[in-house]
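Engineer: Input: one structure, supplied below.
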Amino acid sequence: MQRQSFSAIIPPMLDSALLFIVSLIANTLSALAGGGAGLLQLPILLFLGLPFGVALATHKLASVALGVGATARHLRAGTLDWRFSGFILACGLPGVLLGSVLILQVPQHAALWALALLTIGLSIQSMLSPLLGQTAQVRNRSGHRLWLGGGMLFLVGALNGSLTSGTGLFVTVLLVRWYGLEYKSAVAYTLVLVGLFWNGTGALALAFQAGIYWPWVPVLLVASLLGGYLGAHWALVKGNRLIKRMFEVVTLLTGLSLLFKALN
């Protein structure tokens with residue numbers, strides 16, 4: 001898989017160094033905020049010359065390492081209910097597969113507009129709710145409300161597979177808003193289940209359609225693994241208030257950056 005003209009402008013070693021730094025920062029912030037790694041990592045892949053479909057598949061494959069790093073830290077902390085984790089996977093993975101099939105049929109400009117507006121909305125919604133996710137108030141875990149939430153997870157899974165990246169943020173806020181998790185727990189579920197399983201499924205589906213740029217995969221994997229572990233560690237140590245603030249900052253800034261890209 002070949003990339004485009006930036007290879008003639010930026011030397012390969014500088015490419016790799018820039019990619020590692022951006023990816024490490026993106027994945028550390030993502031592990032703190034509960035999503036959003038692709039909103040920095042995907043644009044840098046596009047900037048360095050990869051076609052959209054290849055950049056998306058390469059990013060999603062690298063994001064699996066973010067899930068591995070976060071999983072290693074959260075398994076030590078024992079923060080996951082595996083029965084609830086299985087429910088999230090069962091509802092979300094079919095949506096991911098559907099979205100991965102549809103994405104290459106969606107104009108990139110339309111996808112950027114949609115993701116930008118949705119992401120900015122998440123930030124504003126969290127800012128207007130100062131107590132959101134600060135304490136656990138577990139709800140909607142049985143009956144039709146459980147499955148209604150499952151339907152929403154299916155839709156978010158489709159977004160994860162289709163609207164480029166950043167949709168882990170939607171899973172985080174859904175777990176907080178609908179199921180009553182505190183931010184710390186919601187971020188743990190998002191990083192492990194979305195980062196490891198949803199993105200892994202999406203990467204495989206997209207790889208068969210668009211291909212992966214393998215020369216950059218080792219750099220991305222190392223940065224994602226390290227960033228995932230560091231971010232998950234700091235999230236567990238610092239608590240819900242910092243996580244909420246990071247969630248709001250990451251969603252707002254990345255939403256605005258996508259909006260800027262969509263306008264140009």
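The chains in the structure tokens are called A, B, ... from first to last as shown; in each chain the residues are counted from 1, and the ligands are counted from 1 in the order shown.
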Find the residues near A:Leu131: any atom within 10 Å, counting only C-alpha atoms, skip ones fewer than 6 places away on the same chain, and give them as a PyMOL selection string.

Structural biologist: chain A and resi 182+241+244

Engineer: Give me the stretch 56-131 of chain A side of the contact with stretch 17-25 of chain A, cut-off 10 Å, one line per residue showing its nearest atom pair and distance in Å at one decimal, counting only C-alpha atoms, sorted by chain and residue number, as CSV.

Structural biologist:
```
residue,atom,partner,partner_atom,distance
A:His59,CA,A:Ser23,CA,9.7
A:Ala62,CA,A:Ser23,CA,9.3
A:Ser63,CA,A:Ser23,CA,9.7
A:Leu66,CA,A:Leu24,CA,9.8
```

Engineer: Using only C-alpha atoms, can you tell me which of A:Leu193, A:Ser129, A:Lys184, A:Leu159 comes closest to A:Leu242?

Structural biologist: A:Lys184

Engineer: Calculate how many Å separate atom CA of A:Asn240 from atom CA of A:Gly200, rounding to one decimal.

Structural biologist: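 For atom CA of A:Asn240 relative to atom CA of A:Gly200, the distance reads 27.4 Å.
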
Engineer: Fewer than 2 positions away in the same chain doesn't count, so skip those; otherwise give me all residues within 12 Å of A:Tyr229, counting only C-alpha atoms, as a ChimeraX atom specification.

Structural biologist: /A:24,27-32,65-76,188,191-192,222-227,231-236

Engineer: Can you list every residue in stretch 103-256 of chain A that DSSP puts in alpha helix (DSSP H), as number ranges by chain?

Structural biologist: A: 108-127, 143-162, 168-177, 183-189, 199-210, 217-238, 240-256

Engineer: Select, from A:Gly49, A:Gly180, A:Gly151, A:Gly95, the residue with the minimum atom-to-atom distance to A:Asp15, counting only C-alpha atoms.

Structural biologist: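 Closest to A:Asp15 of all the choices is A:Gly49.
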
Engineer: Identify, on the basis of only C-alpha atoms, every residue whose closest approach to A:Ile124 does not exceed 12 Å; exclude the query and any residue fewer than 2 positions from it along the same chain; express the result as a PyMOL selection string.

Structural biologist: chain A and resi 117-122+126-130+173+244-245+247-253+255

Engineer: Using only C-alpha atoms, which protein or nucleic acid residues come within 6 Å of A:Ala262? Drop anything in the same chain fewer than 3 positions from it, and give the result as a ChimeraX atom specification.

Structural biologist: /A:109,112-113,259
